[in-house]
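Engineer: File name my_file-v6.cif; file contents mmCIF, N, CA and C atoms; full text below.
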data_query
loop_
_atom_site.label_atom_id
_atom_site.label_comp_id
_atom_site.auth_asym_id
_atom_site.auth_seq_id
_atom_site.Cartn_x
_atom_site.Cartn_y
_atom_site.Cartn_z
N MET A 843 64.42 -145.11 -56.82
CA MET A 843 64.82 -146.37 -56.24
C MET A 843 66.24 -146.70 -56.73
N SER A 844 67.09 -147.19 -55.86
CA SER A 844 68.48 -147.50 -56.21
C SER A 844 68.56 -148.72 -57.13
N ALA A 845 69.67 -148.83 -57.84
CA ALA A 845 69.90 -149.99 -58.69
C ALA A 845 69.88 -151.27 -57.86
N GLU A 846 70.46 -151.20 -56.67
CA GLU A 846 70.50 -152.38 -55.79
C GLU A 846 69.09 -152.84 -55.46
N SER A 847 68.22 -151.92 -55.05
CA SER A 847 66.84 -152.26 -54.70
C SER A 847 66.07 -152.80 -55.90
N GLN A 848 66.26 -152.17 -57.05
CA GLN A 848 65.56 -152.62 -58.25
C GLN A 848 65.98 -154.04 -58.62
N LEU A 849 67.28 -154.31 -58.56
CA LEU A 849 67.76 -155.64 -58.92
C LEU A 849 67.29 -156.70 -57.95
N LEU A 850 67.28 -156.39 -56.66
CA LEU A 850 66.78 -157.36 -55.68
C LEU A 850 65.31 -157.66 -55.93
N GLU A 851 64.52 -156.65 -56.27
CA GLU A 851 63.11 -156.87 -56.59
C GLU A 851 62.97 -157.72 -57.85
N MET A 852 63.80 -157.46 -58.84
CA MET A 852 63.75 -158.23 -60.08
C MET A 852 64.09 -159.70 -59.82
N ILE A 853 65.12 -159.93 -59.03
CA ILE A 853 65.51 -161.30 -58.70
C ILE A 853 64.38 -162.01 -57.97
N GLN A 854 63.82 -161.33 -56.98
CA GLN A 854 62.76 -161.94 -56.17
C GLN A 854 61.52 -162.24 -57.00
N SER A 855 61.24 -161.44 -58.01
CA SER A 855 60.04 -161.63 -58.82
C SER A 855 60.09 -162.91 -59.64
N GLY A 856 61.31 -163.34 -60.04
CA GLY A 856 61.43 -164.52 -60.88
C GLY A 856 60.98 -164.31 -62.31
N GLN A 857 60.68 -163.07 -62.67
CA GLN A 857 60.23 -162.76 -64.03
C GLN A 857 61.43 -162.63 -64.97
N ALA A 858 61.14 -162.59 -66.25
CA ALA A 858 62.16 -162.40 -67.27
C ALA A 858 62.43 -160.90 -67.45
N PHE A 859 63.71 -160.57 -67.62
CA PHE A 859 64.11 -159.19 -67.87
C PHE A 859 65.12 -159.17 -69.01
N ALA A 860 64.94 -158.22 -69.91
CA ALA A 860 65.80 -158.11 -71.08
C ALA A 860 67.13 -157.43 -70.72
N PRO A 861 68.17 -157.74 -71.48
CA PRO A 861 69.47 -157.12 -71.22
C PRO A 861 69.42 -155.59 -71.20
N ASP A 862 68.59 -154.98 -72.05
CA ASP A 862 68.54 -153.52 -72.07
C ASP A 862 67.90 -152.95 -70.80
N GLN A 863 67.16 -153.77 -70.05
CA GLN A 863 66.64 -153.34 -68.75
C GLN A 863 67.71 -153.51 -67.67
N LEU A 864 68.55 -154.52 -67.81
CA LEU A 864 69.54 -154.86 -66.79
C LEU A 864 70.84 -154.05 -66.90
N MET A 865 71.27 -153.74 -68.11
CA MET A 865 72.57 -153.08 -68.31
C MET A 865 72.69 -151.75 -67.57
N PRO A 866 71.70 -150.86 -67.62
CA PRO A 866 71.85 -149.58 -66.90
C PRO A 866 71.99 -149.78 -65.38
N LEU A 867 71.31 -150.79 -64.86
CA LEU A 867 71.41 -151.07 -63.42
C LEU A 867 72.77 -151.68 -63.09
N TYR A 868 73.22 -152.62 -63.91
CA TYR A 868 74.53 -153.24 -63.74
C TYR A 868 75.62 -152.16 -63.71
N ASP A 869 75.54 -151.21 -64.62
CA ASP A 869 76.57 -150.16 -64.71
C ASP A 869 76.62 -149.27 -63.47
N GLN A 870 75.56 -149.24 -62.68
CA GLN A 870 75.53 -148.41 -61.46
C GLN A 870 76.12 -149.12 -60.25
N LEU A 871 76.37 -150.43 -60.35
CA LEU A 871 76.84 -151.21 -59.21
C LEU A 871 78.34 -151.09 -59.01
N ALA A 872 78.78 -151.29 -57.77
CA ALA A 872 80.21 -151.32 -57.45
C ALA A 872 80.79 -152.64 -57.94
N PRO A 873 82.06 -152.62 -58.34
CA PRO A 873 82.69 -153.85 -58.79
C PRO A 873 82.93 -154.82 -57.63
N ALA A 874 82.90 -156.11 -57.93
CA ALA A 874 83.24 -157.14 -56.94
C ALA A 874 84.74 -157.43 -57.08
N SER A 875 85.42 -157.61 -55.96
CA SER A 875 86.84 -157.94 -55.97
C SER A 875 87.03 -159.46 -55.99
N LEU A 876 88.24 -159.90 -56.28
CA LEU A 876 88.55 -161.34 -56.24
C LEU A 876 88.25 -161.91 -54.86
N GLU A 877 88.71 -161.23 -53.82
CA GLU A 877 88.53 -161.73 -52.45
C GLU A 877 87.04 -161.84 -52.11
N PHE A 878 86.27 -160.88 -52.55
CA PHE A 878 84.84 -160.89 -52.28
C PHE A 878 84.17 -162.11 -52.90
N MET A 879 84.62 -162.54 -54.07
CA MET A 879 83.97 -163.62 -54.80
C MET A 879 84.29 -165.00 -54.25
N LEU A 880 85.30 -165.14 -53.41
CA LEU A 880 85.66 -166.46 -52.91
C LEU A 880 84.50 -167.12 -52.18
N GLY A 881 84.32 -168.41 -52.43
CA GLY A 881 83.25 -169.17 -51.79
C GLY A 881 82.33 -169.79 -52.82
N THR A 882 81.23 -170.34 -52.33
CA THR A 882 80.23 -171.00 -53.18
C THR A 882 79.01 -170.10 -53.29
N TRP A 883 78.48 -170.00 -54.49
CA TRP A 883 77.36 -169.12 -54.79
C TRP A 883 76.27 -169.90 -55.52
N LYS A 884 75.03 -169.67 -55.13
CA LYS A 884 73.88 -170.26 -55.81
C LYS A 884 73.43 -169.30 -56.90
N GLY A 885 73.19 -169.84 -58.08
CA GLY A 885 72.89 -169.00 -59.22
C GLY A 885 71.44 -168.95 -59.64
N GLY A 886 71.14 -167.94 -60.43
CA GLY A 886 69.83 -167.78 -61.03
C GLY A 886 69.96 -166.96 -62.30
N LYS A 887 68.97 -167.11 -63.18
CA LYS A 887 68.98 -166.39 -64.45
C LYS A 887 67.81 -165.41 -64.50
N PHE A 888 67.91 -164.45 -65.37
CA PHE A 888 66.85 -163.45 -65.56
C PHE A 888 65.96 -163.83 -66.74
N ASP A 889 65.68 -165.12 -66.90
CA ASP A 889 64.90 -165.58 -68.04
C ASP A 889 63.46 -165.94 -67.68
N GLY A 890 63.07 -165.73 -66.43
CA GLY A 890 61.72 -166.05 -66.00
C GLY A 890 61.45 -167.55 -65.94
N GLY A 891 62.53 -168.36 -65.96
CA GLY A 891 62.36 -169.81 -65.89
C GLY A 891 61.93 -170.43 -67.20
N LYS A 892 62.03 -169.69 -68.29
CA LYS A 892 61.55 -170.19 -69.58
C LYS A 892 62.62 -170.87 -70.41
N GLU A 893 63.88 -170.60 -70.12
CA GLU A 893 64.96 -171.22 -70.89
C GLU A 893 65.21 -172.63 -70.38
N PRO A 894 65.38 -173.62 -71.27
CA PRO A 894 65.69 -174.98 -70.81
C PRO A 894 67.05 -175.02 -70.12
N ASP A 895 67.17 -175.87 -69.13
CA ASP A 895 68.42 -175.98 -68.38
C ASP A 895 68.90 -177.44 -68.41
N PRO A 896 69.56 -177.82 -69.50
CA PRO A 896 69.95 -179.23 -69.65
C PRO A 896 70.97 -179.71 -68.61
N ILE A 897 71.74 -178.80 -68.02
CA ILE A 897 72.73 -179.25 -67.03
C ILE A 897 72.27 -179.05 -65.60
N LYS A 898 71.07 -178.48 -65.41
CA LYS A 898 70.52 -178.24 -64.07
C LYS A 898 71.51 -177.45 -63.20
N TRP A 899 71.80 -176.24 -63.66
CA TRP A 899 72.79 -175.36 -63.04
C TRP A 899 72.42 -175.01 -61.62
N TYR A 900 73.40 -175.14 -60.72
CA TYR A 900 73.24 -174.73 -59.32
C TYR A 900 73.88 -173.37 -59.07
N GLY A 901 75.13 -173.18 -59.54
CA GLY A 901 75.84 -171.94 -59.28
C GLY A 901 77.31 -172.06 -59.64
N LYS A 902 78.15 -171.36 -58.86
CA LYS A 902 79.59 -171.31 -59.11
C LYS A 902 80.35 -171.40 -57.79
N ARG A 903 81.60 -171.91 -57.86
CA ARG A 903 82.46 -171.96 -56.68
C ARG A 903 83.81 -171.34 -57.03
N PHE A 904 84.22 -170.38 -56.20
CA PHE A 904 85.50 -169.69 -56.38
C PHE A 904 86.40 -170.12 -55.22
N VAL A 905 87.37 -170.99 -55.50
CA VAL A 905 88.26 -171.52 -54.47
C VAL A 905 89.43 -170.58 -54.24
N SER A 906 90.00 -170.07 -55.33
CA SER A 906 91.13 -169.13 -55.27
C SER A 906 91.17 -168.40 -56.60
N ALA A 907 92.11 -167.49 -56.73
CA ALA A 907 92.24 -166.76 -58.00
C ALA A 907 92.60 -167.69 -59.16
N THR A 908 93.23 -168.80 -58.85
CA THR A 908 93.67 -169.72 -59.91
C THR A 908 92.79 -170.96 -60.06
N HIS A 909 91.77 -171.09 -59.21
CA HIS A 909 90.90 -172.27 -59.31
C HIS A 909 89.45 -171.89 -59.02
N ALA A 910 88.63 -172.04 -60.04
CA ALA A 910 87.19 -171.80 -59.88
C ALA A 910 86.43 -172.88 -60.64
N GLU A 911 85.27 -173.21 -60.12
CA GLU A 911 84.37 -174.17 -60.75
C GLU A 911 83.19 -173.37 -61.27
N PRO A 912 83.21 -173.03 -62.57
CA PRO A 912 82.20 -172.11 -63.10
C PRO A 912 80.81 -172.68 -63.23
N LEU A 913 80.70 -173.99 -63.25
CA LEU A 913 79.39 -174.61 -63.43
C LEU A 913 79.19 -175.71 -62.39
N LEU A 914 78.51 -175.35 -61.31
CA LEU A 914 78.08 -176.35 -60.34
C LEU A 914 76.66 -176.74 -60.74
N CYS A 915 76.37 -178.04 -60.71
CA CYS A 915 75.07 -178.53 -61.16
C CYS A 915 74.49 -179.51 -60.16
N TYR A 916 73.17 -179.69 -60.27
CA TYR A 916 72.47 -180.67 -59.44
C TYR A 916 72.58 -182.05 -60.08
N ALA A 917 72.95 -183.05 -59.29
CA ALA A 917 72.91 -184.45 -59.72
C ALA A 917 71.47 -184.96 -59.56
N PRO A 918 71.13 -186.09 -60.16
CA PRO A 918 69.77 -186.62 -60.02
C PRO A 918 69.35 -186.84 -58.56
N ASP A 919 70.32 -187.12 -57.67
CA ASP A 919 69.98 -187.35 -56.26
C ASP A 919 69.87 -186.04 -55.46
N GLY A 920 70.04 -184.89 -56.13
CA GLY A 920 69.93 -183.59 -55.46
C GLY A 920 71.24 -183.04 -54.95
N SER A 921 72.31 -183.84 -54.99
CA SER A 921 73.61 -183.33 -54.58
C SER A 921 74.15 -182.38 -55.64
N VAL A 922 75.19 -181.64 -55.29
CA VAL A 922 75.78 -180.67 -56.20
C VAL A 922 77.17 -181.15 -56.60
N TYR A 923 77.49 -181.05 -57.89
CA TYR A 923 78.80 -181.46 -58.38
C TYR A 923 79.33 -180.42 -59.36
N SER A 924 80.63 -180.47 -59.61
CA SER A 924 81.26 -179.56 -60.56
C SER A 924 81.18 -180.16 -61.96
N TYR A 925 80.45 -179.49 -62.84
CA TYR A 925 80.29 -179.92 -64.23
C TYR A 925 81.53 -179.43 -64.99
N GLU A 926 82.42 -180.34 -65.32
CA GLU A 926 83.72 -179.94 -65.88
C GLU A 926 83.84 -180.19 -67.37
N ASN A 927 82.73 -180.52 -68.05
CA ASN A 927 82.78 -180.75 -69.49
C ASN A 927 83.24 -179.51 -70.24
N LEU A 928 82.99 -178.33 -69.70
CA LEU A 928 83.43 -177.08 -70.33
C LEU A 928 84.70 -176.54 -69.68
N GLY A 929 85.31 -177.33 -68.81
CA GLY A 929 86.54 -176.93 -68.15
C GLY A 929 86.31 -176.18 -66.85
N LEU A 930 87.41 -175.88 -66.19
CA LEU A 930 87.38 -175.08 -64.97
C LEU A 930 87.65 -173.64 -65.35
N ALA A 931 88.06 -172.81 -64.37
CA ALA A 931 88.28 -171.40 -64.67
C ALA A 931 89.25 -170.79 -63.67
N GLN A 932 89.66 -169.57 -63.94
CA GLN A 932 90.48 -168.78 -63.02
C GLN A 932 89.90 -167.37 -62.98
N MET A 933 90.30 -166.61 -61.98
CA MET A 933 89.81 -165.23 -61.85
C MET A 933 90.96 -164.24 -62.01
N ARG A 934 90.61 -163.09 -62.53
CA ARG A 934 91.52 -161.96 -62.62
C ARG A 934 90.69 -160.70 -62.43
N GLU A 935 91.35 -159.61 -62.06
CA GLU A 935 90.67 -158.32 -62.03
C GLU A 935 90.91 -157.66 -63.38
N VAL A 936 89.82 -157.25 -64.03
CA VAL A 936 89.85 -156.79 -65.41
C VAL A 936 89.04 -155.50 -65.53
N LEU A 937 89.51 -154.58 -66.35
CA LEU A 937 88.75 -153.37 -66.65
C LEU A 937 87.62 -153.74 -67.60
N PHE A 938 86.39 -153.49 -67.18
CA PHE A 938 85.22 -153.82 -68.00
C PHE A 938 84.17 -152.75 -67.78
N ARG A 939 83.73 -152.13 -68.83
CA ARG A 939 82.70 -151.06 -68.78
C ARG A 939 83.08 -149.99 -67.77
N GLY A 940 84.36 -149.61 -67.78
CA GLY A 940 84.84 -148.49 -66.99
C GLY A 940 85.21 -148.79 -65.55
N GLN A 941 85.11 -150.05 -65.11
CA GLN A 941 85.48 -150.40 -63.74
C GLN A 941 86.31 -151.67 -63.72
N VAL A 942 87.26 -151.73 -62.80
CA VAL A 942 88.04 -152.94 -62.60
C VAL A 942 87.26 -153.84 -61.66
N CYS A 943 86.93 -155.05 -62.14
CA CYS A 943 86.12 -155.97 -61.34
C CYS A 943 86.66 -157.39 -61.48
N ALA A 944 86.19 -158.27 -60.61
CA ALA A 944 86.54 -159.69 -60.70
C ALA A 944 85.94 -160.24 -61.99
N ALA A 945 86.77 -160.98 -62.70
CA ALA A 945 86.33 -161.63 -63.93
C ALA A 945 86.68 -163.11 -63.86
N LEU A 946 85.76 -163.94 -64.25
CA LEU A 946 85.96 -165.38 -64.31
C LEU A 946 86.31 -165.73 -65.75
N ILE A 947 87.45 -166.38 -65.94
CA ILE A 947 87.93 -166.71 -67.27
C ILE A 947 87.93 -168.24 -67.41
N TYR A 948 87.10 -168.74 -68.28
CA TYR A 948 87.01 -170.19 -68.49
C TYR A 948 88.29 -170.71 -69.13
N ASP A 949 88.71 -171.89 -68.71
CA ASP A 949 89.93 -172.49 -69.24
C ASP A 949 89.78 -173.00 -70.67
N LYS A 950 88.64 -173.61 -71.00
CA LYS A 950 88.48 -174.29 -72.29
C LYS A 950 87.46 -173.64 -73.20
N GLN A 951 86.88 -172.53 -72.79
CA GLN A 951 85.85 -171.87 -73.58
C GLN A 951 86.18 -170.38 -73.71
N PRO A 952 85.77 -169.75 -74.81
CA PRO A 952 86.00 -168.31 -74.95
C PRO A 952 84.95 -167.50 -74.19
N ILE A 953 84.92 -167.71 -72.85
CA ILE A 953 83.90 -167.08 -72.01
C ILE A 953 84.57 -166.37 -70.84
N MET A 954 84.07 -165.16 -70.56
CA MET A 954 84.46 -164.43 -69.35
C MET A 954 83.18 -163.90 -68.71
N ASP A 955 83.12 -163.99 -67.38
CA ASP A 955 82.01 -163.43 -66.61
C ASP A 955 82.56 -162.28 -65.77
N TYR A 956 81.83 -161.16 -65.73
CA TYR A 956 82.25 -159.97 -64.98
C TYR A 956 81.24 -159.72 -63.87
N PHE A 957 81.73 -159.43 -62.66
CA PHE A 957 80.87 -159.37 -61.49
C PHE A 957 80.79 -157.98 -60.86
N ARG A 958 79.55 -157.61 -60.50
CA ARG A 958 79.29 -156.38 -59.76
C ARG A 958 78.45 -156.73 -58.53
N LYS A 959 78.69 -156.00 -57.43
CA LYS A 959 78.01 -156.26 -56.16
C LYS A 959 76.65 -155.57 -56.09
N VAL A 960 75.65 -156.34 -55.72
CA VAL A 960 74.35 -155.78 -55.38
C VAL A 960 74.37 -155.44 -53.89
N ASN A 961 74.85 -156.40 -53.10
CA ASN A 961 75.09 -156.19 -51.66
C ASN A 961 76.11 -157.24 -51.21
N ASP A 962 76.29 -157.44 -49.92
CA ASP A 962 77.31 -158.38 -49.46
C ASP A 962 76.97 -159.84 -49.70
N GLN A 963 75.74 -160.13 -50.13
CA GLN A 963 75.31 -161.51 -50.36
C GLN A 963 74.94 -161.82 -51.81
N VAL A 964 74.80 -160.78 -52.63
CA VAL A 964 74.31 -160.96 -53.99
C VAL A 964 75.19 -160.21 -54.98
N VAL A 965 75.50 -160.87 -56.10
CA VAL A 965 76.21 -160.22 -57.21
C VAL A 965 75.44 -160.46 -58.50
N ILE A 966 75.69 -159.58 -59.45
CA ILE A 966 75.18 -159.75 -60.81
C ILE A 966 76.37 -160.06 -61.68
N GLY A 967 76.22 -161.10 -62.50
CA GLY A 967 77.27 -161.46 -63.45
C GLY A 967 76.81 -161.14 -64.86
N LEU A 968 77.76 -160.78 -65.69
CA LEU A 968 77.50 -160.53 -67.09
C LEU A 968 78.44 -161.41 -67.89
N GLY A 969 77.87 -162.38 -68.61
CA GLY A 969 78.66 -163.32 -69.39
C GLY A 969 79.01 -162.77 -70.75
N ASP A 970 80.27 -162.94 -71.11
CA ASP A 970 80.79 -162.46 -72.38
C ASP A 970 81.36 -163.67 -73.13
N VAL A 971 80.68 -164.05 -74.21
CA VAL A 971 81.13 -165.17 -75.04
C VAL A 971 81.72 -164.57 -76.31
N LYS A 972 82.99 -164.89 -76.58
CA LYS A 972 83.67 -164.32 -77.74
C LYS A 972 82.85 -164.53 -79.01
N GLY A 973 82.64 -163.44 -79.72
CA GLY A 973 81.91 -163.51 -80.98
C GLY A 973 80.41 -163.37 -80.86
N LYS A 974 79.91 -163.20 -79.63
CA LYS A 974 78.47 -163.05 -79.42
C LYS A 974 78.22 -161.76 -78.63
N PRO A 975 76.99 -161.25 -78.65
CA PRO A 975 76.70 -160.04 -77.87
C PRO A 975 76.95 -160.28 -76.37
N THR A 976 77.50 -159.27 -75.72
CA THR A 976 77.73 -159.36 -74.27
C THR A 976 76.43 -158.96 -73.57
N ASP A 977 75.55 -159.95 -73.39
CA ASP A 977 74.25 -159.61 -72.81
C ASP A 977 73.63 -160.74 -71.99
N PHE A 978 74.42 -161.70 -71.56
CA PHE A 978 73.87 -162.77 -70.73
C PHE A 978 74.06 -162.42 -69.25
N PHE A 979 72.98 -162.00 -68.63
CA PHE A 979 73.01 -161.63 -67.21
C PHE A 979 72.54 -162.79 -66.34
N PHE A 980 73.16 -162.92 -65.17
CA PHE A 980 72.74 -163.89 -64.18
C PHE A 980 73.02 -163.31 -62.80
N HIS A 981 72.48 -163.94 -61.78
CA HIS A 981 72.73 -163.47 -60.42
C HIS A 981 73.24 -164.63 -59.57
N LEU A 982 74.03 -164.29 -58.57
CA LEU A 982 74.58 -165.27 -57.62
C LEU A 982 74.32 -164.78 -56.21
N THR A 983 73.94 -165.71 -55.35
CA THR A 983 73.73 -165.44 -53.94
C THR A 983 74.63 -166.36 -53.13
N ARG A 984 75.31 -165.80 -52.13
CA ARG A 984 76.19 -166.65 -51.31
C ARG A 984 75.42 -167.85 -50.77
N ALA A 985 76.04 -169.02 -50.91
CA ALA A 985 75.40 -170.26 -50.42
C ALA A 985 75.73 -170.47 -48.95
#
What do you get writing this file as structure tokens?
Structural biologist:
Amino acid sequence: MSAESQLLEMIQSGQAFAPDQLMPLYDQLAPASLEFMLGTWKGGKFDGGKEPDPIKWYGKRFVSATHAEPLLCYAPDGSVYSYENLGLAQMREVLFRGQVCAALIYDKQPIMDYFRKVNDQVVIGLGDVKGKPTDFFFHLTRA
């Protein structure tokens, strides 16, 4: 079974998956380009719904290479807003794990997210927080 098929099944299951299960699949995916990432994406985590979500994360919005909203969240009324307490972000193409891919660089936090394509509607992101293990995986689906 291809990495793409396995990841889509994992996402659909809603179960928790460990980074050591996800990394080999992530490494098999094609990199996402800056142009590909433009738009609004609905997010999900590979935690099986067990991790608390104090900001009620919705996803991410990529307006241009120089303007991205890394944390879109649900308001109490169900609308979506840009949570800017951690700042905004910009994108660059960066060499990561042997491939040049779109990377989201937070303005006010030591965080970078690296994106690989599952298909034309779904990407897998890998969050890299300076000083911590690079093992926070999430998925985004075009909204």
Engineer: Under the rule that all atoms listed in the file are counted, which of A:Val936, A:Ala917, A:Leu928, A:Ile966 is the nearest residue to Tyr948 of chain A?
Structural biologist: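 When distances to Tyr948 of chain A are compared using all atoms listed in the file, the smallest one comes from A:Leu928.
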Engineer: Can you tell me how far atom CA of Arg934 of chain A sits from atom CA of Ile947 of chain A, in Å to one decimal?
Structural biologist: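 Here the two named atoms are 7.6 Å from each other.
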Engineer: Under the rule that only C-alpha atoms are counted, which of A:Gly969, A:Pro873, A:Pro918, A:Pro866 is the nearest residue to Glu935 of chain A?
Structural biologist: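 Closest to Glu935 of chain A of all the choices is A:Pro873.
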Engineer: I'd like the neighbourhood of segment 972-975 of chain A as a list in words, where a residue qualifies if any of its atoms comes within 9 Å (using only C-alpha atoms), though same-chain residues fewer than 3 positions away should be ignored.
Structural biologist: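 Selected residues are Gln951, Pro952, Ile953, Met954 and Phe978 of chain A.
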Engineer: Using only C-alpha atoms, pick whichever of A:Leu850, A:Leu968, A:Cys915, A:Ile897 has the shortest atom-to-atom distance to Met865 of chain A.
Structural biologist: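 Comparing A:Leu850, A:Leu968, A:Cys915, A:Ile897 against Met865 of chain A, the winner is A:Leu968.
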Engineer: Run through the PyMOL selection byres ((chain A and resi 890) around 7) on the given coordinates and return the selected residues as a list in words.
Structural biologist: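 So the PyMOL selection byres ((chain A and resi 890) around 7), applied here, picks out Gly856, Gln857, Ala858, Phe859, Lys887, Phe888, Asp889, Gly891, Lys892 and Glu893 of chain A.
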Engineer: Which residues fall under the PyMOL selection byres (((chain A and resi 940 and name CA) around 12) and name CA) in this file, as a PyMOL selection string?
Structural biologist: chain A and resi 868-873+936-939+941-943+956
Engineer: On this file, the PyMOL selection byres ((chain A and resi 903-914) around 7) gives some set of residues; write that set as a list in words.
Structural biologist: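 Applied to this file, the PyMOL selection byres ((chain A and resi 903-914) around 7) returns Leu876, Met879, Leu880, Gly881, Thr882, Trp883, Ile897, Lys898, Trp899, Tyr900, Gly901, Lys902, Cys915, Tyr916, Val922, Tyr923, Ser924, Tyr925, Glu926, Gly929, Leu930, Ala931, Gln932, Met933 and Arg934 of chain A.
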Engineer: At what distance in Å, to one decimal, does atom CA of Glu846 of chain A lie from atom CA of Asp962 of chain A?
Structural biologist: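 Going from atom CA of Asp962 of chain A over to atom CA of Glu846 of chain A, I get 11.1 Å.
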Engineer: Which residue, A:Met852, A:Val964, A:Ala944, A:Ala845, has the smallest gap to Glu877 of chain A when you use only N, CA and C atoms?
Structural biologist: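 Result for the nearest residue to Glu877 of chain A: A:Ala944.
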Engineer: Do you have the atom CA of Lys950 of chain A-atom CA of Asp919 of chain A distance handy?
Structural biologist: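 Computing it gives 27.7 Å between the two atoms.
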Engineer: Check chain A with DSSP on the backbone and list each residue it calls helix (DSSP H, G or I), as a list of chain:residue names.
Structural biologist: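 These are the residues in question: A:Ala845, A:Glu846, A:Ser847, A:Gln848, A:Leu849, A:Leu850, A:Glu851, A:Met852, A:Ile853, A:Gln854, A:Ser855, A:Pro861, A:Asp862, A:Gln863, A:Leu864, A:Met865, A:Pro866, A:Leu867, A:Tyr868, A:Asp869, A:Gln870, A:Leu876, A:Glu877, A:Phe878, A:Met879.
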Engineer: Restrict the selected residues to N, CA and C atoms and save them as a compact mmCIF listing (two decimals), in the coordinates of the input.
Structural biologist:
# COMPACT_ATOMS: atom_id res chain seq x y z
N ALA A 845 69.67 -148.83 -57.84
CA ALA A 845 69.90 -149.99 -58.69
C ALA A 845 69.88 -151.27 -57.86
N GLU A 846 70.46 -151.20 -56.67
CA GLU A 846 70.50 -152.38 -55.79
C GLU A 846 69.09 -152.84 -55.46
N SER A 847 68.22 -151.92 -55.05
CA SER A 847 66.84 -152.26 -54.70
C SER A 847 66.07 -152.80 -55.90
N GLN A 848 66.26 -152.17 -57.05
CA GLN A 848 65.56 -152.62 -58.25
C GLN A 848 65.98 -154.04 -58.62
N LEU A 849 67.28 -154.31 -58.56
CA LEU A 849 67.76 -155.64 -58.92
C LEU A 849 67.29 -156.70 -57.95
N LEU A 850 67.28 -156.39 -56.66
CA LEU A 850 66.78 -157.36 -55.68
C LEU A 850 65.31 -157.66 -55.93
N GLU A 851 64.52 -156.65 -56.27
CA GLU A 851 63.11 -156.87 -56.59
C GLU A 851 62.97 -157.72 -57.85
N MET A 852 63.80 -157.46 -58.84
CA MET A 852 63.75 -158.23 -60.08
C MET A 852 64.09 -159.70 -59.82
N ILE A 853 65.12 -159.93 -59.03
CA ILE A 853 65.51 -161.30 -58.70
C ILE A 853 64.38 -162.01 -57.97
N GLN A 854 63.82 -161.33 -56.98
CA GLN A 854 62.76 -161.94 -56.17
C GLN A 854 61.52 -162.24 -57.00
N SER A 855 61.24 -161.44 -58.01
CA SER A 855 60.04 -161.63 -58.82
C SER A 855 60.09 -162.91 -59.64
N PRO A 861 68.17 -157.74 -71.48
CA PRO A 861 69.47 -157.12 -71.22
C PRO A 861 69.42 -155.59 -71.20
N ASP A 862 68.59 -154.98 -72.05
CA ASP A 862 68.54 -153.52 -72.07
C ASP A 862 67.90 -152.95 -70.80
N GLN A 863 67.16 -153.77 -70.05
CA GLN A 863 66.64 -153.34 -68.75
C GLN A 863 67.71 -153.51 -67.67
N LEU A 864 68.55 -154.52 -67.81
CA LEU A 864 69.54 -154.86 -66.79
C LEU A 864 70.84 -154.05 -66.90
N MET A 865 71.27 -153.74 -68.11
CA MET A 865 72.57 -153.08 -68.31
C MET A 865 72.69 -151.75 -67.57
N PRO A 866 71.70 -150.86 -67.62
CA PRO A 866 71.85 -149.58 -66.90
C PRO A 866 71.99 -149.78 -65.38
N LEU A 867 71.31 -150.79 -64.86
CA LEU A 867 71.41 -151.07 -63.42
C LEU A 867 72.77 -151.68 -63.09
N TYR A 868 73.22 -152.62 -63.91
CA TYR A 868 74.53 -153.24 -63.74
C TYR A 868 75.62 -152.16 -63.71
N ASP A 869 75.54 -151.21 -64.62
CA ASP A 869 76.57 -150.16 -64.71
C ASP A 869 76.62 -149.27 -63.47
N GLN A 870 75.56 -149.24 -62.68
CA GLN A 870 75.53 -148.41 -61.46
C GLN A 870 76.12 -149.12 -60.25
N LEU A 876 88.24 -159.90 -56.28
CA LEU A 876 88.55 -161.34 -56.24
C LEU A 876 88.25 -161.91 -54.86
N GLU A 877 88.71 -161.23 -53.82
CA GLU A 877 88.53 -161.73 -52.45
C GLU A 877 87.04 -161.84 -52.11
N PHE A 878 86.27 -160.88 -52.55
CA PHE A 878 84.84 -160.89 -52.28
C PHE A 878 84.17 -162.11 -52.90
N MET A 879 84.62 -162.54 -54.07
CA MET A 879 83.97 -163.62 -54.80
C MET A 879 84.29 -165.00 -54.25
Engineer: Quick one: of A:Gln848, A:Arg958, A:Gln854, A:Pro861, who's nearest to Thr976 of chain A, counting only N, CA and C atoms?
Structural biologist: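 Closest to Thr976 of chain A, using only N, CA and C atoms: A:Pro861.
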Engineer: Just asking: which residues within chain A are strand (DSSP E or B) according to DSSP, as an MDAnalysis selection string?
Structural biologist: chainID A and resid 858 872:873 881:887 889 899:906 909:916 922:924 931:938 941:948 953:959 964:971 978:984
